[in-house]
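Containing compact mmCIF, C-alpha atoms: query-v6.txt.
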# COMPACT_ATOMS: atom_id res chain seq x y z
CA MET E 1 24.66 5.02 12.43
CA TYR E 2 21.12 6.35 12.51
CA ILE E 3 17.58 5.66 11.32
CA SER E 4 16.99 7.32 7.94
CA ALA E 5 13.44 6.06 7.37
CA ILE E 6 10.57 4.43 9.27
CA ASN E 7 7.77 2.64 7.42
CA ILE E 8 4.48 1.11 8.49
CA PHE E 9 2.19 -1.09 6.40
CA PRO E 10 -1.29 -0.91 7.95
CA ILE E 11 -2.89 -3.39 5.52
CA LYS E 12 -0.65 -6.36 4.86
CA SER E 13 0.92 -6.30 1.38
CA LEU E 14 -0.58 -2.94 0.33
CA LYS E 15 1.43 0.27 0.00
CA GLY E 16 3.26 1.48 3.07
CA ILE E 17 3.38 4.83 4.83
CA SER E 18 6.64 6.62 5.58
CA VAL E 19 6.46 8.26 9.03
CA ARG E 20 8.78 10.46 11.05
CA GLN E 21 7.95 8.79 14.36
CA ALA E 22 6.27 5.59 15.53
CA VAL E 23 5.24 3.94 18.80
CA ILE E 24 6.70 0.54 19.68
CA GLU E 25 4.08 -2.06 20.55
CA ASP E 26 4.50 -5.74 21.40
CA ARG E 27 3.24 -6.82 17.97
CA GLY E 28 5.23 -4.24 15.99
CA LEU E 29 5.01 -0.53 15.28
CA ALA E 30 1.60 1.04 15.95
CA TYR E 31 -0.80 0.43 13.03
CA ASP E 32 1.66 -1.86 11.24
CA ARG E 33 -0.05 -4.86 9.62
CA ARG E 34 -3.13 -4.79 11.84
CA TRP E 35 -5.39 -5.32 8.78
CA MET E 36 -5.25 -7.95 6.05
CA LEU E 37 -7.11 -9.16 2.97
CA ILE E 38 -8.30 -12.77 2.83
CA ASN E 39 -10.05 -14.97 0.27
CA ARG E 40 -13.22 -17.03 0.75
CA GLU E 41 -11.16 -19.85 2.26
CA ASN E 42 -9.93 -17.34 4.88
CA ASN E 43 -6.34 -17.56 3.61
CA PHE E 44 -4.27 -14.36 3.60
CA LEU E 45 -3.58 -12.56 0.32
CA SER E 46 -0.30 -10.96 -0.68
CA GLN E 47 1.58 -9.61 -3.66
CA ARG E 48 2.91 -13.12 -4.23
CA THR E 49 -0.38 -13.98 -5.96
CA TYR E 50 -1.94 -10.52 -6.34
CA PRO E 51 0.89 -8.18 -7.43
CA ARG E 52 -1.71 -5.47 -8.08
CA MET E 53 -2.02 -5.08 -4.29
CA ALA E 54 1.10 -2.92 -4.57
CA THR E 55 -0.95 -0.22 -6.36
CA ILE E 56 -3.44 0.30 -3.50
CA GLY E 57 -2.48 3.26 -1.36
CA VAL E 58 -3.21 3.49 2.36
CA GLY E 59 -3.49 6.56 4.57
CA ILE E 60 -4.39 7.11 8.24
CA THR E 61 -6.40 10.04 9.58
CA ARG E 62 -7.56 9.89 13.20
CA ASP E 63 -9.65 6.70 13.47
CA VAL E 64 -10.07 6.06 9.74
CA LEU E 65 -8.07 4.22 7.11
CA GLU E 66 -8.27 5.72 3.63
CA VAL E 67 -7.47 3.39 0.74
CA SER E 68 -7.08 4.56 -2.82
CA GLU E 69 -6.54 3.12 -6.27
CA ARG E 70 -6.44 4.85 -9.65
CA SER E 71 -9.46 3.10 -11.20
CA ALA E 72 -11.56 2.78 -8.02
CA GLY E 73 -10.97 6.13 -6.31
CA LYS E 74 -10.91 6.38 -2.51
CA LEU E 75 -12.68 4.63 0.32
CA ALA E 76 -12.76 5.57 4.02
CA ILE E 77 -12.68 2.58 6.36
CA PRO E 78 -13.25 2.85 10.15
CA PHE E 79 -10.56 1.29 12.31
CA GLU E 80 -13.12 -1.09 13.79
CA PRO E 81 -15.68 -2.99 11.67
CA PRO E 82 -19.15 -1.51 12.44
CA ARG E 83 -20.81 -4.94 12.77
CA PRO E 84 -17.88 -7.27 13.31
CA ARG E 85 -18.02 -10.98 12.67
CA VAL E 86 -15.25 -13.33 13.80
CA VAL E 87 -13.21 -15.12 11.15
CA HIS E 88 -10.20 -17.31 11.87
CA ALA E 89 -7.78 -16.24 9.14
CA THR E 90 -4.80 -18.33 8.07
CA ILE E 91 -1.28 -16.93 7.65
CA TRP E 92 1.02 -19.76 6.59
CA ARG E 93 0.54 -22.41 9.31
CA ASN E 94 -1.05 -20.03 11.79
CA ARG E 95 -4.77 -19.36 12.31
CA SER E 96 -5.65 -16.11 14.05
CA ARG E 97 -8.92 -14.67 15.29
CA THR E 98 -9.81 -11.60 13.21
CA LEU E 99 -12.85 -9.39 12.64
CA VAL E 100 -14.26 -9.14 9.11
CA TYR E 101 -15.66 -5.99 7.51
CA GLY E 102 -18.99 -5.63 5.71
CA ASP E 103 -19.91 -5.92 2.05
CA ASP E 104 -19.35 -2.24 1.17
CA VAL E 105 -15.65 -2.48 2.05
CA ASN E 106 -15.19 -5.96 0.62
CA GLU E 107 -16.82 -5.06 -2.68
CA TRP E 108 -14.35 -2.21 -3.16
CA PHE E 109 -11.33 -4.49 -2.72
CA SER E 110 -12.92 -7.27 -4.79
CA HIS E 111 -13.44 -4.83 -7.66
CA VAL E 112 -9.84 -3.61 -7.54
CA LEU E 113 -8.26 -7.07 -7.33
CA GLY E 114 -10.71 -8.92 -9.54
CA GLY E 115 -11.55 -11.59 -6.99
CA ASP E 116 -13.77 -12.36 -4.03
CA VAL E 117 -11.78 -10.87 -1.15
CA ARG E 118 -12.52 -9.57 2.34
CA LEU E 119 -10.81 -7.19 4.74
CA VAL E 120 -10.15 -8.26 8.32
CA ARG E 121 -8.72 -6.53 11.39
CA MET E 122 -6.63 -8.07 14.14
CA PRO E 123 -8.23 -7.14 17.49
CA GLU E 124 -6.12 -6.31 20.51
CA THR E 125 -7.28 -9.52 22.19
CA THR E 126 -5.73 -11.77 19.53
CA GLU E 127 -2.32 -13.13 20.52
CA ARG E 128 -0.37 -14.53 17.57
CA ARG E 129 2.86 -16.01 18.90
CA VAL E 130 6.31 -15.63 17.39
CA ASN E 131 8.07 -18.84 16.30
CA ARG E 132 9.17 -20.46 19.55
CA TYR E 133 12.71 -21.06 18.23
CA TYR E 134 13.33 -17.32 17.88
CA LYS E 135 11.31 -15.75 20.67
CA VAL E 136 13.09 -13.63 23.28
CA HIS E 137 10.33 -13.55 25.90
CA PRO E 138 7.83 -16.36 26.66
CA GLN E 139 4.89 -14.26 25.45
CA ASP E 140 6.39 -12.67 22.30
CA VAL E 141 3.63 -11.90 19.77
CA VAL E 142 3.45 -10.56 16.23
CA SER E 143 0.88 -8.70 14.14
CA LEU E 144 -0.39 -10.02 10.79
CA ALA E 145 3.16 -9.78 9.43
CA ASP E 146 4.65 -12.97 8.03
CA GLY E 147 6.49 -13.87 11.21
CA TYR E 148 8.15 -11.12 13.26
CA PRO E 149 7.21 -7.70 14.71
CA PHE E 150 9.92 -5.56 13.06
CA MET E 151 12.28 -5.69 10.09
CA LEU E 152 15.45 -3.66 9.57
CA LEU E 153 17.64 -3.13 6.50
CA GLY E 154 20.81 -1.10 5.94
CA GLU E 155 21.10 1.36 3.06
CA SER E 156 24.60 0.04 2.33
CA SER E 157 23.23 -3.47 1.95
CA LEU E 158 20.85 -2.26 -0.74
CA ALA E 159 23.70 -0.34 -2.39
CA ASP E 160 25.72 -3.57 -2.48
CA LEU E 161 22.84 -5.41 -4.15
CA ASN E 162 22.24 -2.58 -6.62
CA SER E 163 25.91 -2.64 -7.63
CA ARG E 164 25.23 -6.16 -8.96
CA LEU E 165 22.01 -5.33 -10.83
CA GLU E 166 21.60 -3.79 -14.27
CA THR E 167 18.76 -1.61 -12.96
CA PRO E 168 19.02 -0.40 -9.35
CA LEU E 169 15.98 -1.01 -7.14
CA PRO E 170 14.46 1.33 -4.53
CA MET E 171 14.18 0.48 -0.84
CA ASP E 172 10.40 0.03 -1.10
CA ARG E 173 10.92 -3.34 -2.83
CA PHE E 174 11.99 -4.76 0.54
CA ARG E 175 9.37 -3.14 2.81
CA PRO E 176 11.52 -2.56 5.94
CA ASN E 177 10.18 -0.91 9.09
CA PHE E 178 13.59 0.59 9.86
CA VAL E 179 16.20 1.79 7.38
CA VAL E 180 19.71 2.34 8.76
CA THR E 181 22.34 4.60 7.26
CA GLY E 182 25.99 4.69 8.29
CA SER E 183 26.50 0.93 8.58
CA GLY E 184 28.57 -1.15 6.17
CA PRO E 185 27.09 -3.60 3.65
CA PHE E 186 25.36 -6.43 5.54
CA GLU E 187 26.82 -5.25 8.83
CA GLU E 188 23.39 -5.92 10.35
CA ASP E 189 24.02 -9.66 9.84
CA ALA E 190 26.33 -9.62 12.86
CA TRP E 191 24.09 -7.69 15.25
CA LYS E 192 22.50 -9.54 18.14
CA LYS E 193 21.13 -6.64 20.20
CA ILE E 194 20.84 -2.97 19.25
CA ASN E 195 19.64 0.29 20.75
CA ILE E 196 17.56 2.65 18.59
CA GLY E 197 16.99 6.00 20.26
CA GLY E 198 16.97 4.45 23.72
CA ASN E 199 14.88 1.40 22.72
CA VAL E 200 16.46 -2.05 22.82
CA PHE E 201 15.76 -4.58 20.05
CA HIS E 202 16.90 -8.19 19.71
CA VAL E 203 18.04 -9.19 16.22
CA VAL E 204 16.60 -12.70 16.05
CA LYS E 205 16.61 -13.95 12.46
CA PRO E 206 17.62 -12.99 8.91
CA CYS E 207 14.72 -12.13 6.61
CA ALA E 208 14.23 -14.73 3.86
CA ARG E 209 13.09 -13.04 0.67
CA CYS E 210 10.26 -14.04 -1.66
CA LYS E 211 8.97 -12.93 -5.07
CA ILE E 212 7.29 -9.84 -3.59
CA THR E 213 10.72 -8.23 -4.01
CA MET E 214 10.26 -8.66 -7.77
CA VAL E 215 7.06 -6.54 -7.83
CA ASP E 216 7.36 -2.88 -8.80
CA GLN E 217 5.67 -1.11 -5.87
CA GLN E 218 4.44 1.70 -8.11
CA THR E 219 3.00 -0.23 -11.04
CA GLY E 220 2.25 -3.68 -9.59
CA GLU E 221 4.21 -5.33 -12.41
CA ARG E 222 6.47 -8.30 -11.67
CA GLY E 223 10.02 -8.34 -13.06
CA GLN E 224 12.92 -10.79 -13.02
CA GLU E 225 15.07 -9.33 -10.23
CA PRO E 226 16.36 -9.20 -7.53
CA LEU E 227 15.82 -12.80 -6.33
CA PRO E 228 18.24 -14.49 -8.78
CA THR E 229 21.02 -12.07 -7.89
CA LEU E 230 20.30 -12.27 -4.15
CA ALA E 231 20.33 -16.07 -4.35
CA SER E 232 23.73 -15.98 -6.06
CA TYR E 233 25.45 -14.52 -3.01
CA ARG E 234 23.00 -14.28 -0.11
CA THR E 235 21.72 -17.85 0.21
CA GLN E 236 21.70 -19.22 3.74
CA ARG E 237 20.18 -22.20 5.51
CA ILE E 238 18.26 -21.41 8.70
CA GLY E 239 17.14 -24.58 10.44
CA THR E 240 15.58 -26.79 7.75
CA LYS E 241 14.87 -23.93 5.32
CA GLN E 242 17.12 -22.24 2.82
CA GLY E 243 16.60 -18.86 1.19
CA ALA E 244 18.04 -15.57 0.00
CA MET E 245 18.52 -13.46 3.13
CA PHE E 246 18.26 -9.68 3.07
CA GLY E 247 17.59 -7.65 6.22
CA GLN E 248 17.00 -8.72 9.80
CA ASN E 249 13.91 -9.48 11.88
CA LEU E 250 13.69 -7.84 15.31
CA ILE E 251 11.83 -8.24 18.59
CA ALA E 252 11.61 -5.31 21.01
CA GLU E 253 12.84 -5.71 24.57
CA LYS E 254 9.72 -3.87 25.73
CA ALA E 255 6.78 -1.90 24.33
CA GLY E 256 5.86 1.73 24.94
CA GLY E 257 8.85 3.55 23.52
CA VAL E 258 9.00 5.82 20.50
CA VAL E 259 11.36 5.62 17.53
CA SER E 260 12.07 8.60 15.29
CA VAL E 261 13.86 9.29 12.04
CA GLY E 262 17.33 10.49 13.02
CA ASP E 263 17.61 8.24 16.09
CA THR E 264 21.10 6.84 16.56
CA VAL E 265 21.65 3.09 16.26
CA GLN E 266 24.05 1.53 18.74
CA VAL E 267 25.18 -2.10 18.65
CA LEU E 268 24.99 -3.62 22.13
CA ASP E 269 25.93 -7.20 21.30
CA VAL E 270 27.05 -9.19 18.26
CA LYS E 271 26.45 -12.79 17.26
CA SER E 272 28.94 -15.39 16.10
CA LEU E 273 28.51 -15.67 12.34
CA THR E 274 30.81 -18.67 12.39
CA ARG E 275 28.31 -20.48 14.59
CA GLN E 276 25.20 -19.16 12.85
CA GLY E 277 26.51 -19.34 9.30
CA ALA E 278 27.34 -16.17 7.40
CA ALA E 279 24.81 -15.29 4.73
CA THR E 280 27.23 -13.44 2.47
CA ALA E 281 29.34 -15.54 0.14
CA ARG E 282 32.21 -13.23 -0.85
Exercise: express the given structure as structure tokens:
Amino acid sequence: MYISAINIFPIKSLKGISVRQAVIEDRGLAYDRRWMLINRENNFLSQRTYPRMATIGVGITRDVLEVSERSAGKLAIPFEPPRPRVVHATIWRNRSRTLVYGDDVNEWFSHVLGGDVRLVRMPETTERRVNRYYKVHPQDVVSLADGYPFMLLGESSLADLNSRLETPLPMDRFRPNFVVTGSGPFEEDAWKKINIGGNVFHVVKPCARCKITMVDQQTGERGQEPLPTLASYRTQRIGTKQGAMFGQNLIAEKAGGVVSVGDTVQVLDVKSLTRQGAATAR
């Protein structure tokens, strides 16, 4: 088994960037989900309510983000807001200290999305903790991602899903950081600890899927699949919540390493699916 693709998503819920190599940090891969769009109530925005976010491209050159959209052109954004102001942004039940950008940046995004939105950055000093039920270390933190630093999905798992759909879907619908080839369908469900190119990751929780998976990542249009099909055979209860599970959330044993496309994936430990509850109903 090996890593066939690595993806980062600098601005939460916008287009991702496929990279050949990435640095492992405590909060996730370097540059992954360190920026986010919020509304005037300081609540995070995503493709759940703004599917057009999928059409905004993101690039990184040195210390600048470059965003682009067909009707609005391109905009260069410095990594750090020039005159930062603190805003406590809300992601689900969590409020995190972020730095908000100025009107020139916010007007560009507001024009594209047709609403009053602002861009914020997560500073290095902000510590957003992982759910205490799934943490591996006492101080485990996460970026502006929904809940966990890394997400992994096997190519065979997508092939299994696509075999049940009338129209096959690409991997970008599921926005994984790591794509694995060489594993069997949903084999990642059983992993508890893995080694990727010499870096150890703990597999802590299945990824519950939402309607972002129904958004075409090229056009921003929302369709009918794959949630109904996933729910028909991938529904699982985790704690008090139930959902269609697809992919696995990870926490790194330690920061500082590098992962590359082509790195081998070795399973170090497996979990008891009988105890946890297998997600796949066969």
At a cut-off of 6 Å, can you tabulate as CSV every residue of region 81-198 of chain E near region 4-7 of chain E together with its closest atom pair and the distance in Å to one decimal, using only C-alpha atoms and ordering rows by chain then number?
residue,atom,partner,partner_atom,distance
E:Asn177,CA,E:Asn7,CA,4.6
E:Phe178,CA,E:Ile6,CA,4.9
E:Val179,CA,E:Ala5,CA,5.1
E:Val180,CA,E:Ser4,CA,5.7
Quick one: residues within 12 Å of Ser71 (chain E), all atoms listed in the file counted, chain neighbours fewer than 5 positions away excluded, as JSON, numbers by chain? {"E": [52, 55, 56, 108, 109, 111, 112, 113]}
Could you tell me how far CA of Ala22 (chain E) lies from CA of Gly256 (chain E), in Å and to one decimal?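 Separating CA of Ala22 (chain E) from CA of Gly256 (chain E) is a distance of 10.2 Å.
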Pick from E:Tyr2, E:Phe174, E:Trp92, E:Phe79 nearest to Asn43 (chain E), counting all atoms listed in the file: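 Using all atoms listed in the file, the shortest distance to Asn43 (chain E) belongs to E:Trp92.
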Measuring between only C-alpha atoms, which one of E:Asp116, E:Ser143, E:Tyr50, E:Cys210 shows the shortest distance to Ile91 (chain E)?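 The shortest atom-to-atom distance to Ile91 (chain E) comes from E:Ser143.
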To one decimal place, how far is CA of Ser13 (chain E) from CA of Ser46 (chain E) in Å? 5.2 Å
From the list E:Gly247, E:Pro149, E:Pro51, E:Gly102, which residue is nearest Arg129 (chain E) when using all atoms listed in the file?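 That would be E:Pro149, the residue with the smallest distance to Arg129 (chain E).
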Provide the CA of Leu227 (chain E) to CA of Thr49 (chain E) distance in Å, to one decimal place.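 These atoms are spaced 16.2 Å apart.
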Residue contacts of Ala89 (chain E) (12 Å, all atoms listed in the file) excluding same-chain residues fewer than 2 positions away, as an MDAnalysis selection string: chainID E and resid 35:45 86:87 91:100 118:122 126 128 144
Neighbourhood query: residues within 10 Å of (25.8, -6.9, -2.0), file coordinates, counting all atoms listed in the file; return as a ChimeraX atom specification. /E:156-165,185-186,229-230,233-234,246,280-282
Do a neighbour search on Val258 (chain E) at 9 Å with all atoms listed in the file, toss out local chain neighbours closer than 2 positions, and write the hits as a list of chain:residue names.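 Answer for this query is E:Gln21, E:Ala22, E:Val23, E:Ile24, E:Gly197, E:Gly198, E:Asn199, E:Ala255, E:Gly256, E:Ser260.
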